[in-house]
$ cat my_file27.cif   # mmCIF, C-alpha atoms and all ligand atoms; chains and numbers go by the auth columns
data_protein
#
loop_
_atom_site.group_PDB
_atom_site.id
_atom_site.type_symbol
_atom_site.label_atom_id
_atom_site.label_comp_id
_atom_site.label_asym_id
_atom_site.label_seq_id
_atom_site.Cartn_x
_atom_site.Cartn_y
_atom_site.Cartn_z
_atom_site.B_iso_or_equiv
_atom_site.auth_seq_id
_atom_site.auth_asym_id
ATOM 1 C CA MET A 1 139.085 -7.030 125.412 0.00 8 A
ATOM 2 C CA LEU A 2 135.420 -6.119 124.828 0.00 9 A
ATOM 3 C CA LYS A 3 133.821 -4.770 121.656 0.00 10 A
ATOM 4 C CA ARG A 4 130.651 -2.723 121.379 0.00 11 A
ATOM 5 C CA VAL A 5 127.665 -4.443 119.763 0.00 12 A
ATOM 6 C CA GLY A 6 124.306 -3.033 118.658 0.00 13 A
ATOM 7 C CA GLU A 7 122.851 0.258 117.474 0.00 14 A
ATOM 8 C CA CYS A 8 121.724 3.454 119.118 0.00 15 A
ATOM 9 C CA ILE A 9 117.932 3.441 119.644 0.00 16 A
ATOM 10 C CA GLN A 10 118.003 7.185 120.406 0.00 17 A
ATOM 11 C CA CYS A 11 116.668 6.939 123.923 0.00 18 A
ATOM 12 C CA GLY A 12 118.321 10.302 124.580 0.00 19 A
ATOM 13 C CA GLU A 13 119.622 9.356 128.020 0.00 20 A
ATOM 14 C CA CYS A 14 123.250 10.221 127.205 0.00 21 A
ATOM 15 C CA CYS A 15 122.186 13.615 125.817 0.00 22 A
ATOM 16 C CA LYS A 16 120.709 15.158 128.973 0.00 23 A
ATOM 17 C CA SER A 17 123.888 16.157 130.762 0.00 24 A
ATOM 18 C CA VAL A 18 127.515 17.042 130.082 0.00 25 A
ATOM 19 C CA ASN A 19 130.174 14.884 131.735 0.00 26 A
ATOM 20 C CA ILE A 20 133.664 16.256 132.264 0.00 27 A
ATOM 21 C CA ASN A 21 136.802 14.678 133.756 0.00 28 A
ATOM 22 C CA VAL A 22 139.352 16.897 135.501 0.00 29 A
ATOM 23 C CA VAL A 23 142.754 16.359 137.099 0.00 30 A
ATOM 24 C CA ARG A 24 142.066 15.474 140.747 0.00 31 A
ATOM 25 C CA ASP A 25 145.180 16.540 142.671 0.00 32 A
ATOM 26 C CA ILE A 26 145.559 19.969 141.035 0.00 33 A
ATOM 27 C CA THR A 27 141.833 20.716 141.483 0.00 34 A
ATOM 28 C CA LEU A 28 141.745 19.715 145.159 0.00 35 A
ATOM 29 C CA ARG A 29 144.876 21.767 145.821 0.00 36 A
ATOM 30 C CA GLN A 30 143.278 24.814 144.228 0.00 37 A
ATOM 31 C CA HIS A 31 140.077 24.488 146.265 0.00 38 A
ATOM 32 C CA GLY A 32 141.548 23.264 149.554 0.00 39 A
ATOM 33 C CA ASN A 33 139.431 20.127 149.928 0.00 40 A
ATOM 34 C CA MET A 34 136.532 18.200 148.396 0.00 41 A
ATOM 35 C CA GLU A 35 133.856 19.936 150.467 0.00 42 A
ATOM 36 C CA GLU A 36 135.045 23.359 149.298 0.00 43 A
ATOM 37 C CA LEU A 37 135.197 22.192 145.686 0.00 44 A
ATOM 38 C CA LYS A 38 131.667 20.761 145.833 0.00 45 A
ATOM 39 C CA ARG A 39 130.284 23.959 147.366 0.00 46 A
ATOM 40 C CA TYR A 40 131.943 26.132 144.727 0.00 47 A
ATOM 41 C CA LEU A 41 130.733 23.971 141.822 0.00 48 A
ATOM 42 C CA SER A 42 127.194 23.564 143.187 0.00 49 A
ATOM 43 C CA TYR A 43 126.682 27.338 142.875 0.00 50 A
ATOM 44 C CA ARG A 44 127.205 26.845 139.129 0.00 51 A
ATOM 45 C CA GLY A 45 125.047 23.750 138.738 0.00 52 A
ATOM 46 C CA ILE A 46 127.982 21.347 138.535 0.00 53 A
ATOM 47 C CA GLN A 47 128.034 18.110 140.580 0.00 54 A
ATOM 48 C CA VAL A 48 131.071 16.030 141.501 0.00 55 A
ATOM 49 C CA VAL A 49 129.734 12.534 140.788 0.00 56 A
ATOM 50 C CA GLY A 50 132.835 10.441 141.379 0.00 57 A
ATOM 51 C CA GLU A 51 136.579 10.124 141.478 0.00 58 A
ATOM 52 C CA ASP A 52 139.338 7.709 140.497 0.00 59 A
ATOM 53 C CA VAL A 53 142.221 8.266 142.888 0.00 60 A
ATOM 54 C CA GLU A 54 144.527 5.870 141.033 0.00 61 A
ATOM 55 C CA LYS A 55 144.023 7.644 137.689 0.00 62 A
ATOM 56 C CA ASN A 56 144.026 11.060 139.406 0.00 63 A
ATOM 57 C CA LEU A 57 140.611 12.018 138.026 0.00 64 A
ATOM 58 C CA LEU A 58 137.448 13.712 139.261 0.00 65 A
ATOM 59 C CA PHE A 59 134.156 13.306 137.381 0.00 66 A
ATOM 60 C CA TYR A 60 131.772 16.246 136.966 0.00 67 A
ATOM 61 C CA THR A 61 128.222 16.298 135.620 0.00 68 A
ATOM 62 C CA ILE A 62 126.352 19.393 134.464 0.00 69 A
ATOM 63 C CA ASN A 63 122.629 18.943 133.903 0.00 70 A
ATOM 64 C CA ILE A 64 122.395 20.799 130.599 0.00 71 A
ATOM 65 C CA PRO A 65 120.500 18.916 127.868 0.00 72 A
ATOM 66 C CA CYS A 66 121.914 19.025 124.346 0.00 73 A
ATOM 67 C CA SER A 67 120.263 21.652 122.113 0.00 74 A
ATOM 68 C CA GLN A 68 119.940 18.953 119.422 0.00 75 A
ATOM 69 C CA LEU A 69 117.764 16.710 121.590 0.00 76 A
ATOM 70 C CA GLY A 70 114.259 16.582 120.036 0.00 77 A
ATOM 71 C CA PRO A 71 110.874 16.501 121.806 0.00 78 A
ATOM 72 C CA ASP A 72 110.752 12.687 121.712 0.00 79 A
ATOM 73 C CA ASN A 73 114.360 12.357 122.900 0.00 80 A
ATOM 74 C CA GLU A 74 115.564 11.815 119.335 0.00 81 A
ATOM 75 C CA CYS A 75 118.818 13.345 118.105 0.00 82 A
ATOM 76 C CA LEU A 76 118.040 16.047 115.538 0.00 83 A
ATOM 77 C CA VAL A 77 121.429 15.591 113.862 0.00 84 A
ATOM 78 C CA HIS A 78 121.509 11.765 113.902 0.00 85 A
ATOM 79 C CA ASN A 79 122.918 10.343 110.650 0.00 86 A
ATOM 80 C CA SER A 80 124.193 13.741 109.585 0.00 87 A
ATOM 81 C CA PRO A 81 127.705 15.201 109.416 0.00 88 A
ATOM 82 C CA GLU A 82 126.668 17.599 112.209 0.00 89 A
ATOM 83 C CA LYS A 83 126.578 14.814 114.806 0.00 90 A
ATOM 84 C CA PRO A 84 129.648 15.225 117.054 0.00 91 A
ATOM 85 C CA LEU A 85 132.288 12.511 116.920 0.00 92 A
ATOM 86 C CA ILE A 86 131.992 11.773 120.629 0.00 93 A
ATOM 87 C CA CYS A 87 128.265 11.009 120.170 0.00 94 A
ATOM 88 C CA HIS A 88 129.134 8.438 117.494 0.00 95 A
ATOM 89 C CA ARG A 89 131.728 6.922 119.800 0.00 96 A
ATOM 90 C CA TYR A 90 129.570 6.747 122.935 0.00 97 A
ATOM 91 C CA PRO A 91 129.496 4.345 124.753 0.00 98 A
ATOM 92 C CA TRP A 92 133.119 3.191 124.385 0.00 99 A
ATOM 93 C CA ALA A 93 132.816 1.066 127.548 0.00 100 A
ATOM 94 C CA LYS A 94 129.945 -0.248 129.622 0.00 101 A
ATOM 95 C CA ASP A 95 128.238 2.685 131.289 0.00 102 A
ATOM 96 C CA ASP A 96 125.525 2.944 133.941 0.00 103 A
ATOM 97 C CA ILE A 97 122.699 4.059 131.585 0.00 104 A
ATOM 98 C CA ALA A 98 120.211 1.170 131.812 0.00 105 A
ATOM 99 C CA GLU A 99 118.256 2.387 128.745 0.00 106 A
ATOM 100 C CA CYS A 100 121.283 2.219 126.439 0.00 107 A
ATOM 101 C CA SER A 101 120.808 -0.409 123.720 0.00 108 A
ATOM 102 C CA TYR A 102 124.495 -1.167 123.237 0.00 109 A
ATOM 103 C CA THR A 103 126.057 -4.233 124.801 0.00 110 A
ATOM 104 C CA PHE A 104 129.671 -5.368 125.091 0.00 111 A
ATOM 105 C CA GLU A 105 131.004 -8.790 124.285 0.00 112 A
ATOM 106 C CA PRO A 106 134.461 -10.336 124.134 0.00 113 A
ATOM 107 C CA ALA A 107 136.277 -9.453 120.913 0.00 114 A
ATOM 108 C CA THR A 108 137.296 -12.426 118.745 0.00 115 A
ATOM 109 C CA PRO A 109 140.985 -13.027 119.360 0.00 116 A
ATOM 110 C CA PHE A 110 143.294 -12.475 116.396 0.00 117 A
ATOM 111 C CA LEU A 111 144.163 -15.826 114.785 0.00 118 A
ATOM 112 C CA SER A 112 147.733 -16.395 113.682 0.00 119 A
ATOM 113 C CA PHE A 113 148.376 -18.469 110.509 0.00 120 A
ATOM 114 C CA ASN A 114 151.151 -20.243 112.426 0.00 121 A
ATOM 115 C CA GLU A 115 148.644 -21.799 114.835 0.00 122 A
HETATM 116 S S1 LIG B . 124.217 15.761 119.220 0.00 201 A
HETATM 117 FE FE1 LIG B . 122.613 14.222 119.285 0.00 201 A
HETATM 118 S S2 LIG B . 123.584 12.369 120.132 0.00 201 A
HETATM 119 FE FE2 LIG B . 124.920 14.132 120.583 0.00 201 A
HETATM 120 S S3 LIG B . 124.335 14.804 122.651 0.00 201 A
HETATM 121 FE FE3 LIG B . 123.171 16.021 121.146 0.00 201 A
HETATM 122 S S4 LIG B . 121.236 14.953 120.888 0.00 201 A
HETATM 123 FE FE4 LIG B . 122.670 13.529 121.828 0.00 201 A
HETATM 124 S S1 LIG B . 122.167 6.006 125.864 0.00 202 A
HETATM 125 FE FE1 LIG B . 122.789 4.598 124.228 0.00 202 A
HETATM 126 S S2 LIG B . 120.889 4.165 123.067 0.00 202 A
HETATM 127 FE FE2 LIG B . 120.527 5.972 124.340 0.00 202 A
HETATM 128 S S3 LIG B . 120.957 7.707 122.977 0.00 202 A
HETATM 129 FE FE3 LIG B . 122.831 7.256 124.142 0.00 202 A
HETATM 130 S S4 LIG B . 124.003 5.850 122.839 0.00 202 A
HETATM 131 FE FE4 LIG B . 121.915 5.872 122.064 0.00 202 A
#

$ encode --input "my_file27.cif" --output "structure tokens"
Amino acid sequence: MLKRVGECIQCGECCKSVNINVVRDITLRQHGNMEELKRYLSYRGIQVVGEDVEKNLLFYTINIPCSQLGPDNECLVHNSPEKPLICHRYPWAKDDIAECSYTFEPATPFLSFNE
């Protein structure tokens, strides 16, 4: 198991788009196929950026920056109660944002007193 290490340097890279996961099989059934789904979503500025067939998920990205992102990419509500919980929690696993200052390292295993 890995634990997150480090602090947010407010690079703003995770604040420039909205990422949404949807149920894959239901969505593809509704739209007919992937090509149809992509066409429909593209008219609304939504991209299908990936899928996980095993977990039955599709991944969407919408390029809408957060309204709380400042001119220098800083979070205007950082260190305030107004910062959304998910922003405190991100990243919960290694992501593909190269600028992100967080790293992940193996968590120290729990030691039993009987050992
Ligand atoms: S609230 Fe702050 S950390 Fe969260 S997405 Fe907006 S700018 Fe980024
Ligand atoms: S990508 Fe990482 S360092 Fe950059 S704002 Fe998001 S959490 Fe902070």

$ resolve_selection --input "my_file27.cif" --expression "the PyMOL selection byres (((chain A and resi 68-79) around 9) and not hetatm)" --output "list in words"
Cys18, Gly19, Cys22, Lys23, Ser24, Val25, Asn26, Ile27, Asn28, Arg51, Gly52, Ile53, Gln54, Val55, Val56, Phe66, Tyr67, Asn80, Glu81, Cys82, Leu83 and Val84 of chain A

$ write_last_selection --input "my_file27.cif" --atoms "C-alpha atoms" --output "PDB file, in the coordinates of the input"
ATOM      1  CA  CYS A  18     116.668   6.939 123.923  1.00  0.00           C
ATOM      2  CA  GLY A  19     118.321  10.302 124.580  1.00  0.00           C
ATOM      3  CA  CYS A  22     122.186  13.615 125.817  1.00  0.00           C
ATOM      4  CA  LYS A  23     120.709  15.158 128.973  1.00  0.00           C
ATOM      5  CA  SER A  24     123.888  16.157 130.762  1.00  0.00           C
ATOM      6  CA  VAL A  25     127.515  17.042 130.082  1.00  0.00           C
ATOM      7  CA  ASN A  26     130.174  14.884 131.735  1.00  0.00           C
ATOM      8  CA  ILE A  27     133.664  16.256 132.264  1.00  0.00           C
ATOM      9  CA  ASN A  28     136.802  14.678 133.756  1.00  0.00           C
ATOM     10  CA  ARG A  51     127.205  26.845 139.129  1.00  0.00           C
ATOM     11  CA  GLY A  52     125.047  23.750 138.738  1.00  0.00           C
ATOM     12  CA  ILE A  53     127.982  21.347 138.535  1.00  0.00           C
ATOM     13  CA  GLN A  54     128.034  18.110 140.580  1.00  0.00           C
ATOM     14  CA  VAL A  55     131.071  16.030 141.501  1.00  0.00           C
ATOM     15  CA  VAL A  56     129.734  12.534 140.788  1.00  0.00           C
ATOM     16  CA  PHE A  66     134.156  13.306 137.381  1.00  0.00           C
ATOM     17  CA  TYR A  67     131.772  16.246 136.966  1.00  0.00           C
ATOM     18  CA  ASN A  80     114.360  12.357 122.900  1.00  0.00           C
ATOM     19  CA  GLU A  81     115.564  11.815 119.335  1.00  0.00           C
ATOM     20  CA  CYS A  82     118.818  13.345 118.105  1.00  0.00           C
ATOM     21  CA  LEU A  83     118.040  16.047 115.538  1.00  0.00           C
ATOM     22  CA  VAL A  84     121.429  15.591 113.862  1.00  0.00           C
TER      23      VAL A  84
END

$ residues_around --input "my_file27.cif" --residues "region 8-13 of chain A" --least-positions-apart "5" --cutoff "10 Å" --atoms "all atoms listed in the file" --output "JSON, numbers by chain"
{"A": [96, 97, 98, 99, 100, 101, 107, 108, 109, 110, 111, 112, 113, 114, 115, 116]}

$ atom_distance --input "my_file27.cif" --atom1 "atom S2 of ligand LIG 202 (chain A)" --atom2 "CA of Cys21 (chain A)"
7.7 Å

$ resolve_selection --input "my_file27.cif" --expression "the PyMOL selection byres (((chain A and resi 32) around 9) and not hetatm)" --output "list in words"
Val30, Arg31, Ile33, Thr34, Leu35, Arg36, Gln37, Val60, Asn63, Leu64 and Leu65 of chain A

$ closest_residue --input "my_file27.cif" --among "A:Leu48, A:Ala105, A:Val29, A:Met41" --to "ligand LIG 202 (chain A)" --atoms "only C-alpha atoms and all ligand atoms"
A:Ala105

$ closest_residue --input "my_file27.cif" --among "A:Glu43, A:Ile16, A:Pro91, A:Asp103" --to "ligand LIG 202 (chain A)" --atoms "only C-alpha atoms and all ligand atoms"
A:Ile16

$ atom_distance --input "my_file27.cif" --atom1 "atom S2 of ligand LIG 201 (chain A)" --atom2 "CA of Ser87 (chain A)"
10.7 Å

$ closest_residue --input "my_file27.cif" --among "A:Lys62, A:Glu20, A:Lys45, A:Glu14" --to "ligand LIG 201 (chain A)" --atoms "only C-alpha atoms and all ligand atoms"
A:Glu20

$ atom_distance --input "my_file27.cif" --atom1 "atom S3 of ligand LIG 202 (chain A)" --atom2 "CA of Tyr50 (chain A)"
28.5 Å
